[in-house]
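Dropping coords_8.cif in here (mmCIF, C-alpha atoms):
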data_data
#
loop_
_atom_site.label_atom_id
_atom_site.label_comp_id
_atom_site.auth_asym_id
_atom_site.auth_seq_id
_atom_site.Cartn_x
_atom_site.Cartn_y
_atom_site.Cartn_z
CA MET L 14 0.00 0.00 0.00
CA THR L 15 1.31 3.46 -0.95
CA ALA L 16 1.86 5.78 2.00
CA PRO L 17 -0.54 8.73 2.05
CA THR L 18 0.61 12.13 0.90
CA MET L 19 0.03 15.25 3.01
CA ASN L 20 -3.18 15.65 1.03
CA GLY L 21 -4.24 12.16 2.06
CA LEU L 22 -3.33 12.81 5.70
CA ILE L 23 -5.57 15.88 5.72
CA HIS L 24 -8.37 13.85 4.14
CA ASN L 25 -8.04 11.20 6.84
CA ALA L 26 -8.23 13.85 9.57
CA VAL L 27 -11.41 15.25 8.00
CA ARG L 28 -13.00 11.79 7.85
CA ARG L 29 -11.97 11.19 11.47
CA ASP L 30 -13.57 14.38 12.78
CA LEU L 31 -16.83 13.87 10.90
CA ALA L 32 -17.06 10.36 12.35
CA ARG L 33 -16.34 11.75 15.83
CA LEU L 34 -19.04 14.36 15.41
CA SER L 35 -21.64 11.84 14.33
CA ALA L 36 -20.81 9.60 17.29
CA ALA L 37 -20.96 12.52 19.72
CA LEU L 38 -24.52 13.35 18.69
CA HIS L 39 -25.99 10.01 19.72
CA PRO L 40 -27.08 9.27 22.35
CA TRP L 41 -27.96 12.80 23.48
CA ARG L 42 -29.03 14.18 26.84
CA ASP L 43 -32.01 16.44 26.18
CA GLY L 44 -31.29 20.06 27.10
CA ASP L 45 -27.47 19.75 27.09
CA ARG L 46 -26.69 23.17 25.61
CA GLU L 47 -23.14 23.14 26.99
CA ARG L 48 -22.28 20.01 25.01
CA GLY L 49 -23.96 21.54 21.98
CA ARG L 50 -21.73 24.62 22.25
CA GLU L 51 -18.64 22.42 22.58
CA LEU L 52 -19.50 20.47 19.44
CA GLU L 53 -20.28 23.64 17.54
CA GLN L 54 -16.81 24.95 18.43
CA ALA L 55 -15.05 21.70 17.52
CA PHE L 56 -16.87 21.54 14.20
CA ALA L 57 -15.93 25.16 13.50
CA ASN L 58 -12.27 24.11 13.72
CA LEU L 59 -12.82 21.27 11.25
CA HIS L 60 -14.83 23.56 8.97
CA ARG L 61 -12.01 26.11 9.00
CA GLU L 62 -9.29 23.55 8.23
CA LEU L 63 -11.27 21.92 5.42
CA THR L 64 -12.19 25.27 3.89
CA HIS L 65 -8.54 26.38 3.98
CA HIS L 66 -7.60 23.09 2.32
CA HIS L 67 -10.05 23.18 -0.55
CA GLU L 68 -9.58 26.90 -1.18
CA GLY L 69 -5.85 26.20 -1.56
CA GLU L 70 -6.65 23.51 -4.11
CA ASP L 71 -8.91 25.87 -6.05
CA ALA L 72 -6.28 28.61 -6.06
CA TYR L 73 -3.11 26.61 -6.69
CA VAL L 74 -3.53 22.87 -7.32
CA TRP L 75 -6.18 22.89 -10.04
CA PRO L 76 -4.36 25.57 -12.11
CA PHE L 77 -1.13 23.58 -11.73
CA LEU L 78 -2.82 20.41 -12.93
CA GLU L 79 -4.48 22.19 -15.83
CA GLY L 80 -1.05 23.45 -16.83
CA THR L 81 0.22 19.85 -16.94
CA GLY L 82 -2.57 18.82 -19.33
CA VAL L 83 -5.23 17.50 -16.97
CA GLY L 84 -8.62 17.85 -18.66
CA ARG L 85 -10.78 20.82 -17.78
CA ASP L 86 -13.82 18.54 -17.41
CA LEU L 87 -12.24 16.65 -14.51
CA LEU L 88 -11.17 19.85 -12.77
CA ALA L 89 -14.67 21.27 -13.23
CA GLU L 90 -16.01 18.18 -11.46
CA MET L 91 -13.65 18.89 -8.56
CA GLU L 92 -14.82 22.50 -8.37
CA ASP L 93 -18.47 21.40 -8.40
CA GLU L 94 -17.74 18.93 -5.60
CA HIS L 95 -16.09 21.68 -3.57
CA ALA L 96 -19.21 23.80 -3.96
CA ALA L 97 -21.38 20.88 -2.82
CA MET L 98 -19.07 20.36 0.17
CA SER L 99 -19.30 24.01 1.14
CA ALA L 100 -23.09 23.87 1.06
CA ALA L 101 -23.18 20.68 3.13
CA LEU L 102 -20.75 22.07 5.70
CA ALA L 103 -22.80 25.27 5.99
CA ASP L 104 -25.95 23.21 6.59
CA THR L 105 -24.22 21.26 9.36
CA ALA L 106 -22.90 24.48 10.91
CA THR L 107 -26.46 25.81 11.01
CA GLY L 108 -27.73 22.61 12.60
CA LEU L 109 -25.05 22.71 15.28
CA ALA L 110 -25.71 26.39 15.99
CA THR L 111 -29.34 25.50 16.61
CA LEU L 112 -28.33 22.65 18.89
CA ALA L 113 -25.98 24.93 20.83
CA ARG L 114 -28.88 27.29 21.40
CA THR L 115 -31.49 24.70 22.43
CA GLY L 116 -29.64 21.58 23.52
CA SER L 117 -32.71 19.56 22.55
CA ALA L 118 -32.63 15.90 21.61
CA ALA L 119 -34.72 16.68 18.51
CA ASP L 120 -32.16 19.21 17.32
CA ALA L 121 -29.33 16.78 18.09
CA ALA L 122 -31.04 14.21 15.85
CA ALA L 123 -31.48 16.80 13.09
CA ALA L 124 -27.83 17.83 13.40
CA ARG L 125 -26.71 14.21 13.17
CA THR L 126 -28.79 13.73 10.01
CA SER L 127 -27.03 16.75 8.55
CA VAL L 128 -23.63 15.41 9.61
CA GLU L 129 -24.32 12.10 7.87
CA ARG L 130 -25.27 13.93 4.66
CA THR L 131 -22.08 15.96 4.95
CA ARG L 132 -20.01 12.81 5.50
CA GLU L 133 -21.46 11.39 2.30
CA VAL L 134 -20.82 14.53 0.23
CA VAL L 135 -17.33 15.11 1.62
CA GLY L 136 -16.36 11.44 1.50
CA ARG L 137 -17.44 11.14 -2.14
CA HIS L 138 -15.23 14.08 -3.08
CA LEU L 139 -12.21 12.92 -1.07
CA ASP L 140 -12.43 9.45 -2.63
CA HIS L 141 -12.78 10.91 -6.12
CA GLU L 142 -9.83 13.23 -5.64
CA GLU L 143 -7.61 10.47 -4.27
CA ASP L 144 -8.52 8.09 -7.09
CA ALA L 145 -8.35 10.55 -9.98
CA LEU L 146 -5.75 13.15 -8.99
CA GLU L 147 -3.37 11.68 -6.41
CA PRO L 148 -1.67 9.42 -9.01
CA LEU L 149 -1.16 12.44 -11.27
CA LEU L 150 0.27 14.58 -8.48
CA ARG L 151 2.67 11.82 -7.42
CA GLY L 152 4.20 12.03 -10.87
CA HIS L 153 5.28 15.60 -10.16
CA GLU L 154 6.73 15.07 -6.67
CA GLY L 155 10.18 16.59 -6.46
CA SER L 156 9.70 18.92 -9.42
CA ALA L 157 10.44 22.61 -8.94
CA GLU L 158 6.96 23.48 -10.16
CA TRP L 159 5.21 21.28 -7.63
CA LYS L 160 7.49 22.44 -4.82
CA ALA L 161 6.42 26.01 -5.62
CA VAL L 162 2.77 24.98 -5.31
CA THR L 163 3.26 23.16 -2.01
CA GLY L 164 5.19 26.14 -0.69
CA LYS L 165 2.12 28.31 -1.28
CA LEU L 166 -0.15 25.70 0.30
CA ARG L 167 2.00 25.53 3.43
CA HIS L 168 2.39 29.29 3.87
CA ARG L 169 0.62 29.95 7.18
CA SER L 170 1.34 31.94 10.31
CA PRO L 171 3.01 30.02 13.18
CA GLY L 172 -0.28 30.07 15.08
CA ASP L 173 -2.25 28.65 12.17
CA ALA L 174 0.46 26.08 11.43
CA GLY L 175 0.56 25.00 15.07
CA SER L 176 -3.22 24.61 15.21
CA PHE L 177 -3.12 22.65 11.95
CA PHE L 178 -0.52 20.16 13.17
CA ALA L 179 -2.18 19.76 16.56
CA TRP L 180 -5.44 18.98 14.72
CA LEU L 181 -3.81 16.72 12.14
CA THR L 182 -2.04 14.57 14.74
CA ASP L 183 -4.92 14.32 17.23
CA GLY L 184 -5.63 10.59 17.19
CA ILE L 185 -3.51 9.98 14.08
CA SER L 186 -2.81 6.35 13.21
CA GLU L 187 0.73 5.01 13.41
CA ASP L 188 0.86 4.53 9.64
CA ASP L 189 -0.24 8.10 9.04
CA ARG L 190 2.23 9.37 11.66
CA ALA L 191 5.04 7.59 9.84
CA ALA L 192 3.91 9.16 6.56
CA LEU L 193 3.85 12.58 8.21
CA ARG L 194 7.39 12.11 9.55
CA ALA L 195 8.53 11.38 6.00
CA THR L 196 7.14 14.75 4.91
CA VAL L 197 7.72 17.02 7.93
CA PRO L 198 10.50 16.41 10.47
CA ALA L 199 9.03 15.18 13.76
CA PRO L 200 10.70 17.95 15.84
CA VAL L 201 9.07 20.60 13.64
CA THR L 202 5.64 19.02 14.06
CA ALA L 203 6.14 18.65 17.81
CA VAL L 204 7.25 22.25 18.38
CA LEU L 205 4.51 23.76 16.23
CA SER L 206 1.84 21.59 17.85
CA ARG L 207 2.94 22.10 21.45
CA VAL L 208 3.91 25.75 21.30
CA PHE L 209 1.58 27.24 18.70
CA GLY L 210 -1.18 24.63 18.80
CA ARG L 211 -2.12 25.14 22.42
CA ARG L 212 -5.49 26.66 21.61
CA TYR L 213 -6.49 23.51 19.76
CA THR L 214 -5.11 21.28 22.51
CA ARG L 215 -6.88 23.27 25.22
CA GLU L 216 -10.21 24.07 23.56
CA VAL L 217 -10.91 21.55 20.80
CA ALA L 218 -9.19 18.23 21.50
CA PRO L 219 -10.98 17.67 24.84
CA VAL L 220 -14.36 17.95 23.09
CA TRP L 221 -13.61 14.95 20.90
CA HIS L 222 -12.19 12.86 23.71
CA GLU L 223 -14.88 13.57 26.27
CA ARG L 224 -17.30 10.72 26.81
CA VAL L 225 -20.88 11.54 25.98
CA ARG L 226 -22.62 12.45 29.22
CA SER L 227 -25.34 10.17 30.43
#
Show me the file's structure as structure tokens.
Amino acid sequence: MTAPTMNGLIHNAVRRDLARLSAALHPWRDGDRERGRELEQAFANLHRELTHHHEGEDAYVWPFLEGTGVGRDLLAEMEDEHAAMSAALADTATGLATLARTGSAADAAAARTSVERTREVVGRHLDHEEDALEPLLRGHEGSAEWKAVTGKLRHRSPGDAGSFFAWLTDGISEDDRAALRATVPAPVTAVLSRVFGRRYTREVAPVWHERVRS
């Protein structure tokens, strides 16, 4: 099995958080507005990371691929899927905002239905991208042109980079951790996560690891 690229590692983190969110919404204690607010905040972090990721693809990766001869039809499919993802994520954000306000079991069930729709839409796109584009991108690894693209994708403030790595490595599998070490030196990941990723570690990670209250 081919080790995942950074793109694949991000995809796996997105799948992980959507699965966590779905699990956290059932069972639900009616009236638990505090838990609703926690989940809204944790989802906002995922929403932000995924939006940053697909906006970077729209701005840099698709033009790069078009320049290498990848068909416009395929790239248009990717853009359409990004639009569908954005709509699904916005719907889930609205559902979680309602749950944070009411804490009701009925709104938790509605939010979970939205999350499952979002998992389907997002998962379909991630699978399509990995199947259709990852093999093409691997062919350009090491080229100056692709390094220029990845440099733009990775350009973030220390705070944003720290939050990203703290999120990416939260519950990461050993295989994915090994793949990450092959891309980013472990000391760099550790320093960014621990020093600049403290907000994620303090405010977001505990939400995912807290047992659902009975």
* To do: Have a look at L:Glu223, L:Phe178, L:Arg28, L:Thr111 and name the one nearest to L:Pro198; count only C-alpha atoms.
  =>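 Checking each candidate against L:Pro198, we get L:Phe178 as the closest.
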* Please evaluate the PyMOL selection byres ((chain L and resi 65-76) around 8) against the displayed coordinates and give the resulting residues as a list of chain:residue names. =>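 Output from the PyMOL selection byres ((chain L and resi 65-76) around 8), applied to this file: L:Arg61, L:Glu62, L:Leu63, L:Thr64, L:Phe77, L:Leu78, L:Glu79, L:Gly80, L:Leu88, L:Glu92, L:His95, L:Val162, L:Lys165, L:Leu166.
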* Name the residues in contact with L:Val220 at a cut-off of 9 Å, using all atoms listed in the file, excluding same-chain residues fewer than 2 positions from it; report them as a count of residues only. => 11
* Asked: Hey, which of L:Asp120, L:Glu47, L:Glu133, L:Asp144 ends up closest to L:Met98? Count all atoms listed in the file.
  -> L:Glu133
* To do: For the structure provided, state which residues fall under the PyMOL selection byres ((chain L and resi 208) around 12), and present them as a PyMOL selection string.
  => chain L and resi 171-176+178-179+200-207+209-215
* What does the PyMOL selection byres ((chain L and resi 147-156) around 12) select in this file, as an MDAnalysis selection string? -> chainID L and resid 15:21 24 74:75 77:79 81:84 139:146 157:163 196
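Note that the spacing between atom CA of L:Gly116 and atom CA of L:Asp45 amounts to 4.6 Å.
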* What does the distance from atom CA of L:Arg46 to atom CA of L:Arg33 come to in Å, to one decimal? ->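 That distance, rounded to one decimal, is 18.3 Å.
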* Asked: L:Ala121, L:Asp104, L:Asp183, L:Arg50: which is nearest L:Trp221, counting all atoms listed in the file?
  ->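 Going through L:Ala121, L:Asp104, L:Asp183, L:Arg50 one by one, the smallest distance to L:Trp221 is for L:Asp183.
In this comparison, which uses all atoms listed in the file, the residue of L:His39, L:Arg137, L:Arg114, L:Arg167 approaching L:Met91 most closely is L:Arg137.
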* Separation of atom CA of L:Arg130 and atom CA of L:Ala37, in Å? ->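 Spanning atom CA of L:Arg130 to atom CA of L:Ala37 is a straight-line distance of 15.7 Å.
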* Just the residues within 9 Å of L:Ala124, please, counting all atoms listed in the file, with nothing from its chain fewer than 2 positions along; format it as a PyMOL selection string. => chain L and resi 35+38+104-109+111-112+119-122+126-129
Output file: stretch 61-105 of chain L, N, CA and C atoms, as an mmCIF file, in the first residue's frame:
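Saved the output as result_25.cif:
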data_model
loop_
_atom_site.group_PDB
_atom_site.id
_atom_site.type_symbol
_atom_site.label_atom_id
_atom_site.label_comp_id
_atom_site.auth_asym_id
_atom_site.auth_seq_id
_atom_site.Cartn_x
_atom_site.Cartn_y
_atom_site.Cartn_z
ATOM 1 N N ARG L 61 -13.065 25.171 9.373
ATOM 2 C CA ARG L 61 -12.013 26.110 9.001
ATOM 3 C C ARG L 61 -10.854 25.397 8.302
ATOM 4 N N GLU L 62 -10.413 24.276 8.844
ATOM 5 C CA GLU L 62 -9.289 23.549 8.234
ATOM 6 C C GLU L 62 -9.661 23.012 6.848
ATOM 7 N N LEU L 63 -10.865 22.471 6.710
ATOM 8 C CA LEU L 63 -11.265 21.916 5.420
ATOM 9 C C LEU L 63 -11.459 23.022 4.398
ATOM 10 N N THR L 64 -12.020 24.151 4.811
ATOM 11 C CA THR L 64 -12.195 25.271 3.885
ATOM 12 C C THR L 64 -10.839 25.797 3.419
ATOM 13 N N HIS L 65 -9.895 25.938 4.352
ATOM 14 C CA HIS L 65 -8.540 26.375 3.979
ATOM 15 C C HIS L 65 -7.935 25.400 2.966
ATOM 16 N N HIS L 66 -8.160 24.117 3.194
ATOM 17 C CA HIS L 66 -7.596 23.090 2.317
ATOM 18 C C HIS L 66 -8.186 23.177 0.916
ATOM 19 N N HIS L 67 -9.507 23.223 0.807
ATOM 20 C CA HIS L 67 -10.050 23.181 -0.554
ATOM 21 C C HIS L 67 -9.931 24.529 -1.270
ATOM 22 N N GLU L 68 -9.847 25.621 -0.523
ATOM 23 C CA GLU L 68 -9.577 26.901 -1.180
ATOM 24 C C GLU L 68 -8.155 26.934 -1.744
ATOM 25 N N GLY L 69 -7.214 26.306 -1.041
ATOM 26 C CA GLY L 69 -5.854 26.203 -1.559
ATOM 27 C C GLY L 69 -5.802 25.371 -2.835
ATOM 28 N N GLU L 70 -6.589 24.314 -2.885
ATOM 29 C CA GLU L 70 -6.645 23.506 -4.110
ATOM 30 C C GLU L 70 -7.219 24.318 -5.263
ATOM 31 N N ASP L 71 -8.296 25.049 -4.998
ATOM 32 C CA ASP L 71 -8.907 25.871 -6.049
ATOM 33 C C ASP L 71 -7.919 26.906 -6.580
ATOM 34 N N ALA L 72 -7.166 27.508 -5.669
ATOM 35 C CA ALA L 72 -6.281 28.613 -6.057
ATOM 36 C C ALA L 72 -4.982 28.145 -6.703
ATOM 37 N N TYR L 73 -4.450 27.002 -6.262
ATOM 38 C CA TYR L 73 -3.108 26.614 -6.689
ATOM 39 C C TYR L 73 -3.018 25.249 -7.366
ATOM 40 N N VAL L 74 -3.716 24.241 -6.811
ATOM 41 C CA VAL L 74 -3.528 22.873 -7.321
ATOM 42 C C VAL L 74 -4.222 22.673 -8.656
ATOM 43 N N TRP L 75 -5.480 23.103 -8.756
ATOM 44 C CA TRP L 75 -6.184 22.894 -10.037
ATOM 45 C C TRP L 75 -5.496 23.639 -11.182
ATOM 46 N N PRO L 76 -5.090 24.918 -11.007
ATOM 47 C CA PRO L 76 -4.357 25.570 -12.112
ATOM 48 C C PRO L 76 -3.059 24.847 -12.467
ATOM 49 N N PHE L 77 -2.352 24.344 -11.452
ATOM 50 C CA PHE L 77 -1.130 23.581 -11.731
ATOM 51 C C PHE L 77 -1.443 22.361 -12.581
ATOM 52 N N LEU L 78 -2.471 21.610 -12.184
ATOM 53 C CA LEU L 78 -2.817 20.406 -12.928
ATOM 54 C C LEU L 78 -3.282 20.726 -14.341
ATOM 55 N N GLU L 79 -4.040 21.802 -14.488
ATOM 56 C CA GLU L 79 -4.475 22.191 -15.828
ATOM 57 C C GLU L 79 -3.271 22.514 -16.702
ATOM 58 N N GLY L 80 -2.260 23.127 -16.091
ATOM 59 C CA GLY L 80 -1.051 23.448 -16.835
ATOM 60 C C GLY L 80 -0.253 22.232 -17.257
ATOM 61 N N THR L 81 -0.480 21.090 -16.570
ATOM 62 C CA THR L 81 0.217 19.854 -16.945
ATOM 63 C C THR L 81 -0.592 19.022 -17.942
ATOM 64 N N GLY L 82 -1.769 19.522 -18.334
ATOM 65 C CA GLY L 82 -2.565 18.822 -19.332
ATOM 66 C C GLY L 82 -3.760 18.058 -18.816
ATOM 67 N N VAL L 83 -4.046 18.165 -17.512
ATOM 68 C CA VAL L 83 -5.231 17.500 -16.973
ATOM 69 C C VAL L 83 -6.470 18.165 -17.557
ATOM 70 N N GLY L 84 -7.436 17.355 -17.963
ATOM 71 C CA GLY L 84 -8.616 17.855 -18.656
ATOM 72 C C GLY L 84 -9.437 18.810 -17.812
ATOM 73 N N ARG L 85 -9.961 19.837 -18.470
ATOM 74 C CA ARG L 85 -10.783 20.824 -17.781
ATOM 75 C C ARG L 85 -12.051 20.201 -17.214
ATOM 76 N N ASP L 86 -12.591 19.182 -17.885
ATOM 77 C CA ASP L 86 -13.822 18.544 -17.405
ATOM 78 C C ASP L 86 -13.630 17.945 -16.019
ATOM 79 N N LEU L 87 -12.507 17.262 -15.809
ATOM 80 C CA LEU L 87 -12.238 16.654 -14.511
ATOM 81 C C LEU L 87 -12.081 17.723 -13.445
ATOM 82 N N LEU L 88 -11.368 18.783 -13.748
ATOM 83 C CA LEU L 88 -11.167 19.846 -12.771
ATOM 84 C C LEU L 88 -12.482 20.565 -12.462
ATOM 85 N N ALA L 89 -13.353 20.677 -13.468
ATOM 86 C CA ALA L 89 -14.669 21.273 -13.227
ATOM 87 C C ALA L 89 -15.480 20.397 -12.275
ATOM 88 N N GLU L 90 -15.332 19.080 -12.392
ATOM 89 C CA GLU L 90 -16.008 18.177 -11.456
ATOM 90 C C GLU L 90 -15.516 18.437 -10.027
ATOM 91 N N MET L 91 -14.207 18.617 -9.876
ATOM 92 C CA MET L 91 -13.653 18.892 -8.557
ATOM 93 C C MET L 91 -14.200 20.202 -7.992
ATOM 94 N N GLU L 92 -14.293 21.215 -8.825
ATOM 95 C CA GLU L 92 -14.822 22.504 -8.368
ATOM 96 C C GLU L 92 -16.284 22.377 -7.950
ATOM 97 N N ASP L 93 -17.063 21.621 -8.740
ATOM 98 C CA ASP L 93 -18.467 21.403 -8.397
ATOM 99 C C ASP L 93 -18.593 20.654 -7.071
ATOM 100 N N GLU L 94 -17.714 19.685 -6.862
ATOM 101 C CA GLU L 94 -17.739 18.932 -5.603
ATOM 102 C C GLU L 94 -17.356 19.818 -4.422
ATOM 103 N N HIS L 95 -16.433 20.735 -4.636
ATOM 104 C CA HIS L 95 -16.086 21.682 -3.574
ATOM 105 C C HIS L 95 -17.286 22.557 -3.219
ATOM 106 N N ALA L 96 -18.022 22.984 -4.229
ATOM 107 C CA ALA L 96 -19.212 23.797 -3.964
ATOM 108 C C ALA L 96 -20.249 23.001 -3.181
ATOM 109 N N ALA L 97 -20.428 21.735 -3.543
ATOM 110 C CA ALA L 97 -21.376 20.880 -2.816
ATOM 111 C C ALA L 97 -20.920 20.664 -1.377
ATOM 112 N N MET L 98 -19.622 20.499 -1.180
ATOM 113 C CA MET L 98 -19.072 20.357 0.167
ATOM 114 C C MET L 98 -19.329 21.608 0.990
ATOM 115 N N SER L 99 -19.098 22.764 0.414
ATOM 116 C CA SER L 99 -19.304 24.013 1.137
ATOM 117 C C SER L 99 -20.749 24.152 1.590
ATOM 118 N N ALA L 100 -21.680 23.786 0.710
ATOM 119 C CA ALA L 100 -23.095 23.872 1.060
ATOM 120 C C ALA L 100 -23.438 22.902 2.185
ATOM 121 N N ALA L 101 -22.903 21.680 2.104
ATOM 122 C CA ALA L 101 -23.181 20.681 3.131
ATOM 123 C C ALA L 101 -22.594 21.106 4.470
ATOM 124 N N LEU L 102 -21.391 21.617 4.467
ATOM 125 C CA LEU L 102 -20.753 22.074 5.702
ATOM 126 C C LEU L 102 -21.521 23.238 6.324
ATOM 127 N N ALA L 103 -22.014 24.142 5.484
ATOM 128 C CA ALA L 103 -22.798 25.269 5.990
ATOM 129 C C ALA L 103 -24.090 24.781 6.623
ATOM 130 N N ASP L 104 -24.715 23.767 6.025
ATOM 131 C CA ASP L 104 -25.945 23.214 6.590
ATOM 132 C C ASP L 104 -25.669 22.594 7.959
ATOM 133 N N THR L 105 -24.568 21.868 8.066
ATOM 134 C CA THR L 105 -24.219 21.262 9.357
ATOM 135 C C THR L 105 -23.892 22.332 10.394
#
